[in-house]
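J.: This is the structure I have questions about; it appears just below.
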Amino acid sequence: MVTIRSENMAPQQPSSMEEQSGELCEPESEEGEKQGTGPPSDQAHPVGYDAPDGGWGWVVLVATILVLALTLAFPSCIGIFYLDLQEEFQASNSETSWVPSIMTAVLHAGGPLCSVLVERFGCRATVMFGGVLSGFGMAVSSFSHTIVDLYITTGVITGLGFCFSFQPAVTILGHYFVRRRPFANAMSSTGTALGLSTLPFLGDYLQSTLGWRGSFLVLGAVLLNCCVCGAVMRPVRPRKPRKTEVMSNGPRPPGKKGCMLGIFQSLASFLRKHMAFDLFCSNLRFRVFSLGITWMMLGFVVPLIYLVPYASAHKMDPSRAALLLSILGFVNIIVRPPAGVLFSLPWFKGRHIYVFSAALLINGLSNSICCISASFPVLLMYVLAYGLSMSVVGSLMFTVLMDTVEMSRFPSALGLLSIMESVTLLIGPPLAGILVDRTDQYTYVFLACSISVALSALFLMVSFYWLDSRDAAQKNSSPASGSPAKPAVNLPMDCQYSSVPTDGDKTNKPSSEAEKITNAFANILVSHHRFAL
């Protein structure tokens with residue numbers, strides 16, 4: 001039985017393993033502490049202590065990097081099996097492209113469901129469950145008989161497993177690091193690029209030796225390593241005391257009306273917590289930014305899906321085509337950390353959106369390089385230009401969002417943005433597949449992506465420039481308008497307003513792991529959006 005100490009009692013050392021770890025009693029953790037081979041014991045840090053910023057946190061950091069490499073970079077490697085899937089199921093380009101697009105859309109749209117699991121079971125159990133689910137989905141997909149079977153197994157099941165693995169992994173990393181959190185997040189963001197630089201080689205080797213069915217079966221076994229990574233992610237903060245169960249037994253409005261009212265209030269609270277619809281309507285800058293990013297996602301990730309099929313269709317060796325994706329990953333590994341440090345300088349404050357828009361414009365225009373030729377030197381030049389601009393976009397996307405909304409509303413704003421962009425991530429690849437089916441030319445896909453991304457960049461740049469100009473004009477005209485300012489209302493001392501915490505405030509502390517999911521999401525930058533295809 002878990003012992004819950006009163007907050008008003010004098011501090012004392014935890015007397016049980018449940019109090020030390022904030023979890024239910026786990027014999028393996030206790031034995032690890034006695035032998036000194038497991039995670040660090042909480043004895044040196046009482047309940048409610050700060051993050052260690054080191055120690056076992058470095059192990060958790062390595063595990064997070066591996067989880068991101070196995071999950072977020074994985075959808076990009078589906079392009080290696082693109083032609084095999086077409087030939088096996090006699091499917092068109094649009095039908096085949098639904099496989100990675102469904103995987104990517106589910107990966108982003110499953111955030112609210114992942115929050116519920118984390119709140120109920122914790123980060124470690126959710127990561128391990130995601131590893132089992134993704135591995136099971138890929139293994140079962142090797143026995144698919146129709147393309148629809150792949151939609152369900154590879155798309156929905158595997159994509160949902162990816163969501164359940166990488167979001168809690170990023171969240172628990174924020175629990176272990178506070179003072180060194182920027183460094184930890186910068187290192188973890190390289191996990192996706194690391195996976196993109198290594199998984200294509202593995203996929204190409206498996207495809208040439210085992211075929212796509214055997215490759216999917218082996219890759220399913222590889223994804224089970226997420227369970228190993230999740231096993232080391234021991235929570236460092238105690239769980240929130242389960243007082244809500246006792247409070248929920250209080251008096252409620254009788255009848256069906258009271259029950260429906262409670263459900264409606266819970267749903268409204270959930271939507272406000274994870275999806276900021278009210279902020280979308282009231283904050284013009286957030287509305288412009290979210291629409292621009294949603295527009296951008298329509299063509300931003302499509303080239304990564306069709307790069308290998310485009311090169312293979314022009315008689316390029318599959319291993320060299322896979323090398324292009326690996327080079328893209330290495331470029332991101334090299335460029336992302338210094339880009340993050342550079343754009344943290346004070347000079348860039350207030351200019352992040354314009355640097356972001358300029359990099360996005362270059363990224364969109366770089367897609368037109370593929371229209372020149374399908375030779376390896378031309379595609380290598382394209383990958384370098386695309387990778388450099390992608391690194392800048394990835395380093396600044398969430399920074400711009402933080403500049404646009406208040407930090408108190410950032411989690412819900414990010415939740416709504418993830419839902420919105422998942423729609424265009426879902427329809428982008430199939431639309432490109434229809435274009436290939438109608439024209440029999442991959443070059444039109446890259447041209448369409450170039451136009452779409454470039455126009456979204458111009459939309460963001462012009463819109464924010466107009467908003468900044470309008471705000472500057474209003475600021476300069478307000479003192480010279482001649483209108484007297486409204487007098488301030490001075491209240492007597494005994495009428496001053498003060499906030500008094502209630503029992504509900506004490507109970508609903510912002511220590512829930514579910515509430516921190518999207519906060520930690522921000523610190524992983526945008527790598528999970530760029531590579532999760």
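Scheme for the structure tokens: letters A, B, ... for chains in order shown; per-chain residue numbers from 1; ligand numbers from 1 in order shown.
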List as a PyMOL selection string the protein and nucleic acid residues near Val99 in chain A, meaning an atom at most 7 Å away when only C-alpha atoms are counted, but skip any in the same chain fewer than 5 places from it.
T.: chain A and resi 150-151+154-155
J.: Selection from above, N, CA and C atoms, as a JSON list (two decimals), in the first residue's frame, can you write it?
T.:
```json
[["chain", "number", "residue", "atom", "x", "y", "z"],
["A", 150, "LEU", "N", -1.83, -3.05, -44.67],
["A", 150, "LEU", "CA", -0.69, -2.20, -44.30],
["A", 150, "LEU", "C", -1.16, -0.88, -43.69],
["A", 151, "TYR", "N", -2.28, -0.35, -44.17],
["A", 151, "TYR", "CA", -2.80, 0.87, -43.58],
["A", 151, "TYR", "C", -3.06, 0.69, -42.08],
["A", 154, "THR", "N", 0.91, -1.20, -40.37],
["A", 154, "THR", "CA", 2.05, -0.28, -40.44],
["A", 154, "THR", "C", 1.63, 1.15, -40.14],
["A", 155, "GLY", "N", 0.46, 1.56, -40.62],
["A", 155, "GLY", "CA", 0.04, 2.94, -40.44],
["A", 155, "GLY", "C", -0.49, 3.24, -39.05]]
```
J.: I want to know what sits within 10 Å of range 387-389 of chain A, based on only C-alpha atoms, with residues of the same chain fewer than 5 positions away left out; could you give that as a VMD selection string?
T.: chain A and resid 325 327 to 336 339 356 358 to 364 366 381 to 382 394 to 395
J.: Give me a file of those residues, with N, CA, C and O atoms, as an mmCIF file, in the first residue's frame.
T.:
```cif
data_model
loop_
_atom_site.group_PDB
_atom_site.id
_atom_site.type_symbol
_atom_site.label_atom_id
_atom_site.label_comp_id
_atom_site.auth_asym_id
_atom_site.auth_seq_id
_atom_site.Cartn_x
_atom_site.Cartn_y
_atom_site.Cartn_z
ATOM 1 N N LEU A 325 19.553 9.776 -48.119
ATOM 2 C CA LEU A 325 18.863 10.012 -46.844
ATOM 3 C C LEU A 325 19.829 10.024 -45.674
ATOM 4 O O LEU A 325 19.672 10.814 -44.730
ATOM 5 N N ILE A 327 22.968 10.966 -45.764
ATOM 6 C CA ILE A 327 23.675 12.247 -45.805
ATOM 7 C C ILE A 327 22.811 13.351 -45.219
ATOM 8 O O ILE A 327 23.300 14.239 -44.499
ATOM 9 N N LEU A 328 21.509 13.302 -45.514
ATOM 10 C CA LEU A 328 20.597 14.282 -44.936
ATOM 11 C C LEU A 328 20.607 14.220 -43.414
ATOM 12 O O LEU A 328 20.590 15.250 -42.730
ATOM 13 N N GLY A 329 20.662 13.012 -42.877
ATOM 14 C CA GLY A 329 20.732 12.868 -41.423
ATOM 15 C C GLY A 329 22.028 13.403 -40.844
ATOM 16 O O GLY A 329 22.024 14.082 -39.817
ATOM 17 N N PHE A 330 23.147 13.134 -41.508
ATOM 18 C CA PHE A 330 24.431 13.631 -41.008
ATOM 19 C C PHE A 330 24.492 15.155 -41.052
ATOM 20 O O PHE A 330 25.077 15.782 -40.152
ATOM 21 N N VAL A 331 23.896 15.765 -42.071
ATOM 22 C CA VAL A 331 23.874 17.223 -42.141
ATOM 23 C C VAL A 331 23.125 17.804 -40.949
ATOM 24 O O VAL A 331 23.562 18.788 -40.333
ATOM 25 N N ASN A 332 22.007 17.191 -40.592
ATOM 26 C CA ASN A 332 21.249 17.675 -39.435
ATOM 27 C C ASN A 332 22.008 17.483 -38.132
ATOM 28 O O ASN A 332 21.937 18.328 -37.238
ATOM 29 N N ILE A 333 22.727 16.369 -38.012
ATOM 30 C CA ILE A 333 23.511 16.143 -36.794
ATOM 31 C C ILE A 333 24.571 17.215 -36.627
ATOM 32 O O ILE A 333 24.827 17.707 -35.516
ATOM 33 N N ILE A 334 25.196 17.623 -37.724
ATOM 34 C CA ILE A 334 26.290 18.599 -37.657
ATOM 35 C C ILE A 334 25.770 20.018 -37.463
ATOM 36 O O ILE A 334 26.339 20.809 -36.705
ATOM 37 N N VAL A 335 24.663 20.367 -38.120
ATOM 38 C CA VAL A 335 24.230 21.760 -38.181
ATOM 39 C C VAL A 335 23.321 22.134 -37.013
ATOM 40 O O VAL A 335 23.379 23.274 -36.529
ATOM 41 N N ARG A 336 22.485 21.245 -36.547
ATOM 42 C CA ARG A 336 21.484 21.608 -35.544
ATOM 43 C C ARG A 336 22.071 22.196 -34.259
ATOM 44 O O ARG A 336 21.614 23.251 -33.799
ATOM 45 N N ALA A 339 23.446 25.720 -34.769
ATOM 46 C CA ALA A 339 22.345 26.616 -35.136
ATOM 47 C C ALA A 339 21.540 26.999 -33.912
ATOM 48 O O ALA A 339 21.133 28.163 -33.755
ATOM 49 N N PHE A 356 13.305 32.207 -39.588
ATOM 50 C CA PHE A 356 12.566 30.973 -39.853
ATOM 51 C C PHE A 356 11.926 31.004 -41.239
ATOM 52 O O PHE A 356 12.010 30.033 -42.002
ATOM 53 N N ALA A 358 12.794 32.861 -43.839
ATOM 54 C CA ALA A 358 13.819 32.851 -44.882
ATOM 55 C C ALA A 358 14.368 31.445 -45.108
ATOM 56 O O ALA A 358 14.559 31.008 -46.257
ATOM 57 N N ALA A 359 14.628 30.719 -44.010
ATOM 58 C CA ALA A 359 15.107 29.342 -44.145
ATOM 59 C C ALA A 359 14.049 28.457 -44.791
ATOM 60 O O ALA A 359 14.367 27.582 -45.613
ATOM 61 N N LEU A 360 12.785 28.682 -44.453
ATOM 62 C CA LEU A 360 11.710 27.904 -45.059
ATOM 63 C C LEU A 360 11.582 28.219 -46.545
ATOM 64 O O LEU A 360 11.310 27.317 -47.356
ATOM 65 N N LEU A 361 11.792 29.466 -46.927
ATOM 66 C CA LEU A 361 11.760 29.835 -48.349
ATOM 67 C C LEU A 361 12.881 29.151 -49.117
ATOM 68 O O LEU A 361 12.668 28.624 -50.226
ATOM 69 N N ILE A 362 14.076 29.131 -48.540
ATOM 70 C CA ILE A 362 15.202 28.447 -49.188
ATOM 71 C C ILE A 362 14.915 26.944 -49.285
ATOM 72 O O ILE A 362 15.227 26.303 -50.303
ATOM 73 N N ASN A 363 14.318 26.389 -48.234
ATOM 74 C CA ASN A 363 13.997 24.968 -48.257
ATOM 75 C C ASN A 363 13.002 24.647 -49.368
ATOM 76 O O ASN A 363 13.135 23.627 -50.075
ATOM 77 N N GLY A 364 11.998 25.501 -49.534
ATOM 78 C CA GLY A 364 11.031 25.264 -50.594
ATOM 79 C C GLY A 364 11.649 25.378 -51.976
ATOM 80 O O GLY A 364 11.399 24.536 -52.856
ATOM 81 N N SER A 366 14.690 24.880 -52.760
ATOM 82 C CA SER A 366 15.681 23.827 -53.013
ATOM 83 C C SER A 366 15.043 22.593 -53.651
ATOM 84 O O SER A 366 15.742 21.816 -54.318
ATOM 85 N N MET A 381 23.592 17.675 -54.199
ATOM 86 C CA MET A 381 23.494 19.116 -53.968
ATOM 87 C C MET A 381 22.135 19.482 -53.372
ATOM 88 O O MET A 381 22.039 20.343 -52.487
ATOM 89 N N TYR A 382 21.098 18.794 -53.833
ATOM 90 C CA TYR A 382 19.758 19.036 -53.287
ATOM 91 C C TYR A 382 19.684 18.633 -51.816
ATOM 92 O O TYR A 382 19.123 19.374 -50.984
ATOM 93 N N GLY A 394 14.139 23.508 -38.175
ATOM 94 C CA GLY A 394 13.951 22.679 -36.994
ATOM 95 C C GLY A 394 14.413 23.335 -35.709
ATOM 96 O O GLY A 394 13.862 23.074 -34.637
ATOM 97 N N SER A 395 15.413 24.206 -35.803
ATOM 98 C CA SER A 395 15.926 24.871 -34.612
ATOM 99 C C SER A 395 15.038 26.024 -34.152
ATOM 100 O O SER A 395 15.135 26.441 -32.999
#
```
J.: Just how far from CA of Asp403 in chain A is CA of Arg179 in chain A, in Å to one decimal?
T.: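 CA of Arg179 in chain A sits 21.3 Å away from CA of Asp403 in chain A.
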J.: Could you tell me how far CA of Ala413 in chain A sits from CA of Ala276 in chain A, in Å to one decimal place?
T.: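 It comes out at 5.1 Å.
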J.: Return the single residue from A:Ser391, A:Thr192, A:Gln167, A:Ser450 that is closest to Gly230 in chain A, with distances computed using only C-alpha atoms.
T.: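 Checking each of A:Ser391, A:Thr192, A:Gln167, A:Ser450 against Gly230 in chain A, counting only C-alpha atoms, the winner is A:Gln167.
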J.: Choose the residue, out of A:Tyr386, A:Phe164, A:Tyr442, A:Phe398, that has the smallest atom-to-atom separation from His108 in chain A; count only C-alpha atoms.
T.: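 Of the candidates, the smallest distance to His108 in chain A is held by A:Phe164.
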J.: So that I can check the secondary structure, give me every residue of range 304-401 of chain A assigned alpha helix (DSSP H) by backbone DSSP, as JSON, numbers by chain.
T.: {"A": [304, 305, 306, 307, 308, 309, 310, 311, 312, 313, 318, 319, 320, 321, 322, 323, 324, 325, 326, 327, 328, 329, 330, 331, 332, 333, 334, 335, 336, 337, 338, 339, 340, 341, 342, 352, 353, 354, 355, 356, 357, 358, 359, 360, 361, 362, 363, 364, 365, 366, 376, 377, 378, 379, 380, 381, 382, 383, 384, 385, 386, 387, 388, 389, 390, 391, 392, 393, 394, 395, 396, 397, 398, 399, 400, 401]}
J.: For a test of reading the model, state the distance in Å between CA of Leu223 in chain A and CA of Leu83 in chain A, rounded to one decimal.
T.: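 Distance reported for this atom pair: 22.9 Å.
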J.: A:Val355, A:Leu401, A:Ile427, A:Val62: which is nearest Pro100 in chain A, counting only C-alpha atoms?
T.: A:Ile427
J.: Extract, using only C-alpha atoms, all DNA, RNA and protein residues at most 8 Å from Ala105 in chain A, discarding same-chain residues fewer than 3 positions from it, and format them as a PyMOL selection string.
T.: chain A and resi 101-102+108-109+159+422-423+425-426
J.: Near Leu291 in chain A, within 10 Å and counting only C-alpha atoms, which residues show up once chain neighbours fewer than 6 positions away are dropped, as an MDAnalysis selection string?
T.: chainID A and resid 280 285 417 420:421 456 459:460
J.: Using only N, CA, C and O atoms, please write the residues we just selected to a file, as a PDB file, in the first residue's frame.
T.:
```pdb
ATOM      1  N   PHE A 280      -6.697  30.239 -30.549  1.00  0.00           N
ATOM      2  CA  PHE A 280      -6.682  30.344 -32.004  1.00  0.00           C
ATOM      3  C   PHE A 280      -7.611  31.464 -32.482  1.00  0.00           C
ATOM      4  O   PHE A 280      -7.313  32.143 -33.471  1.00  0.00           O
ATOM      5  N   ARG A 285      -1.599  36.406 -34.064  1.00  0.00           N
ATOM      6  CA  ARG A 285      -0.275  35.904 -34.427  1.00  0.00           C
ATOM      7  C   ARG A 285      -0.243  34.369 -34.377  1.00  0.00           C
ATOM      8  O   ARG A 285       0.339  33.735 -35.266  1.00  0.00           O
ATOM      9  N   LEU A 417      -1.724  22.807 -32.638  1.00  0.00           N
ATOM     10  CA  LEU A 417      -0.877  22.842 -33.829  1.00  0.00           C
ATOM     11  C   LEU A 417      -0.558  21.440 -34.323  1.00  0.00           C
ATOM     12  O   LEU A 417      -0.543  21.180 -35.539  1.00  0.00           O
ATOM     13  N   MET A 420      -3.600  20.100 -36.158  1.00  0.00           N
ATOM     14  CA  MET A 420      -3.804  20.763 -37.446  1.00  0.00           C
ATOM     15  C   MET A 420      -2.820  20.260 -38.493  1.00  0.00           C
ATOM     16  O   MET A 420      -3.200  19.961 -39.630  1.00  0.00           O
ATOM     17  N   GLU A 421      -1.560  20.161 -38.124  1.00  0.00           N
ATOM     18  CA  GLU A 421      -0.575  19.745 -39.119  1.00  0.00           C
ATOM     19  C   GLU A 421      -0.677  18.260 -39.447  1.00  0.00           C
ATOM     20  O   GLU A 421      -0.233  17.828 -40.509  1.00  0.00           O
ATOM     21  N   SER A 456       4.070  29.225 -48.424  1.00  0.00           N
ATOM     22  CA  SER A 456       3.823  29.285 -46.984  1.00  0.00           C
ATOM     23  C   SER A 456       4.861  30.156 -46.285  1.00  0.00           C
ATOM     24  O   SER A 456       4.529  30.883 -45.337  1.00  0.00           O
ATOM     25  N   PHE A 459       3.927  33.704 -46.975  1.00  0.00           N
ATOM     26  CA  PHE A 459       2.748  34.038 -46.178  1.00  0.00           C
ATOM     27  C   PHE A 459       3.139  34.400 -44.748  1.00  0.00           C
ATOM     28  O   PHE A 459       2.663  35.406 -44.193  1.00  0.00           O
ATOM     29  N   LEU A 460       4.010  33.605 -44.143  1.00  0.00           N
ATOM     30  CA  LEU A 460       4.444  33.892 -42.779  1.00  0.00           C
ATOM     31  C   LEU A 460       5.246  35.189 -42.712  1.00  0.00           C
ATOM     32  O   LEU A 460       5.047  36.011 -41.806  1.00  0.00           O
TER      33      LEU A 460
END
```
J.: Got a sec: who's within 7 Å of Cys163 in chain A, counting only C-alpha atoms, leaving out chain neighbours fewer than 5 positions off, as a list in words?
T.: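 That gives Leu107, His108, Gly110 and Gly111 of chain A.
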J.: Considering only C-alpha atoms, state which residue in the set A:Leu435, A:Leu304, A:Ile263, A:Ile65 is at the smallest distance from Ser92 in chain A.
T.: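 Closest to Ser92 in chain A of all the choices is A:Leu435.
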